[in-house]
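Visitor: Structure: entry_29.pdb, PDB, C-alpha atoms.
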ATOM      1  CA  MET A   1       0.000   0.000   0.000
ATOM      2  CA  LEU A   2       1.230   3.494  -0.802
ATOM      3  CA  ASN A   3       1.262   6.297   1.712
ATOM      4  CA  THR A   4       0.996  10.025   1.105
ATOM      5  CA  GLY A   5       4.242  11.230  -0.445
ATOM      6  CA  ASP A   6       5.367   7.783  -1.669
ATOM      7  CA  THR A   7       6.613   7.455  -5.225
ATOM      8  CA  ALA A   8       4.172   5.401  -7.284
ATOM      9  CA  PRO A   9       5.543   2.272  -8.955
ATOM     10  CA  ASN A  10       5.742   2.325 -12.739
ATOM     11  CA  PHE A  11       2.632   1.003 -14.490
ATOM     12  CA  SER A  12       0.807   1.288 -17.798
ATOM     13  CA  LEU A  13      -2.942   1.615 -18.311
ATOM     14  CA  MET A  14      -5.337   2.115 -21.183
ATOM     15  CA  ASN A  15      -6.927   5.565 -21.318
ATOM     16  CA  GLN A  16     -10.451   6.444 -22.425
ATOM     17  CA  ASP A  17      -9.315   6.516 -26.076
ATOM     18  CA  GLY A  18      -7.770   3.039 -25.949
ATOM     19  CA  ASP A  19      -4.192   4.382 -25.920
ATOM     20  CA  ILE A  20      -1.636   2.952 -23.480
ATOM     21  CA  VAL A  21      -0.318   5.539 -21.023
ATOM     22  CA  SER A  22       2.763   4.731 -18.933
ATOM     23  CA  LEU A  23       3.607   6.489 -15.700
ATOM     24  CA  GLU A  24       7.249   6.417 -16.780
ATOM     25  CA  ASN A  25       6.407   8.759 -19.680
ATOM     26  CA  LEU A  26       4.812  11.231 -17.241
ATOM     27  CA  ARG A  27       7.758  11.537 -14.814
ATOM     28  CA  GLY A  28       8.294  15.142 -13.744
ATOM     29  CA  LYS A  29       4.679  16.089 -14.480
ATOM     30  CA  LYS A  30       1.766  16.334 -12.079
ATOM     31  CA  VAL A  31      -0.528  13.323 -12.439
ATOM     32  CA  LEU A  32      -3.986  12.701 -11.016
ATOM     33  CA  LEU A  33      -5.385   9.173 -10.980
ATOM     34  CA  TRP A  34      -9.117   8.825 -10.585
ATOM     35  CA  PHE A  35     -10.658   5.447  -9.809
ATOM     36  CA  TYR A  36     -14.371   4.785  -9.587
ATOM     37  CA  PRO A  37     -16.524   1.666  -9.483
ATOM     38  CA  LYS A  38     -17.941   0.304 -12.698
ATOM     39  CA  ALA A  39     -21.307   1.834 -13.590
ATOM     40  CA  ASN A  40     -24.358   0.249 -11.976
ATOM     41  CA  THR A  41     -22.351  -1.686  -9.376
ATOM     42  CA  PRO A  42     -22.486  -1.285  -5.604
ATOM     43  CA  GLY A  43     -19.617   0.455  -3.930
TER      44      GLY A  43
END
Let's see the structure in the file written out as structure tokens.
Guide:
Amino acid sequence: MLNTGDTAPNFSLMNQDGDIVSLENLRGKKVLLWFYPKANTPG
């Protein structure tokens, strides 16, 4: 688990356009990750 101020491990994810985005390519920039539950699911 990460704590406030920890450096995030490198990872790659698909964005809303289907493009792969890697954290490594964003080093030195401010990044906001937003997670939310899948539509129409509890949580």
Visitor: Neighbours of Leu32 of chain A within 12 Å (all atoms listed in the file; same-chain residues fewer than 4 positions away dropped), as an MDAnalysis selection string?
Guide: chainID A and resid 8 23 26
Visitor: Got a sec to check which residues sit within 9 Å of (4.2, 7.9, -14.8), counting only C-alpha atoms, and write them as a PyMOL selection string?
Guide: chain A and resi 8-12+21-29+31
Visitor: Just write the chosen residues, C-alpha atoms, as a PDB file, in the coordinates of the input.
Guide:
ATOM      1  CA  ALA A   8       4.172   5.401  -7.284  1.00  0.00           C
ATOM      2  CA  PRO A   9       5.543   2.272  -8.955  1.00  0.00           C
ATOM      3  CA  ASN A  10       5.742   2.325 -12.739  1.00  0.00           C
ATOM      4  CA  PHE A  11       2.632   1.003 -14.490  1.00  0.00           C
ATOM      5  CA  SER A  12       0.807   1.288 -17.798  1.00  0.00           C
ATOM      6  CA  VAL A  21      -0.318   5.539 -21.023  1.00  0.00           C
ATOM      7  CA  SER A  22       2.763   4.731 -18.933  1.00  0.00           C
ATOM      8  CA  LEU A  23       3.607   6.489 -15.700  1.00  0.00           C
ATOM      9  CA  GLU A  24       7.249   6.417 -16.780  1.00  0.00           C
ATOM     10  CA  ASN A  25       6.407   8.759 -19.680  1.00  0.00           C
ATOM     11  CA  LEU A  26       4.812  11.231 -17.241  1.00  0.00           C
ATOM     12  CA  ARG A  27       7.758  11.537 -14.814  1.00  0.00           C
ATOM     13  CA  GLY A  28       8.294  15.142 -13.744  1.00  0.00           C
ATOM     14  CA  LYS A  29       4.679  16.089 -14.480  1.00  0.00           C
ATOM     15  CA  VAL A  31      -0.528  13.323 -12.439  1.00  0.00           C
TER      16      VAL A  31
END
Visitor: Quick one: distance from atom CA of Thr7 of chain A to atom CA of Trp34 of chain A in Å, one decimal?
Guide: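 Atom-to-atom, atom CA of Thr7 of chain A to atom CA of Trp34 of chain A, that is 16.7 Å.
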Visitor: State, in Å with one decimal place, the distance from atom CA of Asp19 of chain A to atom CA of Met1 of chain A.
Guide: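 Straight-line distance from atom CA of Asp19 of chain A to atom CA of Met1 of chain A works out to 26.6 Å.
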Visitor: Which distance in Å separates atom CA of Thr41 of chain A and atom CA of Asn15 of chain A, to one decimal?
Guide: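 Atom-to-atom, atom CA of Thr41 of chain A and atom CA of Asn15 of chain A are spaced 20.8 Å apart.
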Visitor: I'd like the box whose edges run along x, y and z of the file and which contains every listed atom of segment 12-26 of chain A, padded by 3 Å per side; could you state its centre and edge lengths in Å, one decimal, as JSON?
Guide:
{"center_x": -1.6, "center_y": 6.3, "center_z": -20.9, "size_x": 23.7, "size_y": 15.9, "size_z": 16.4}
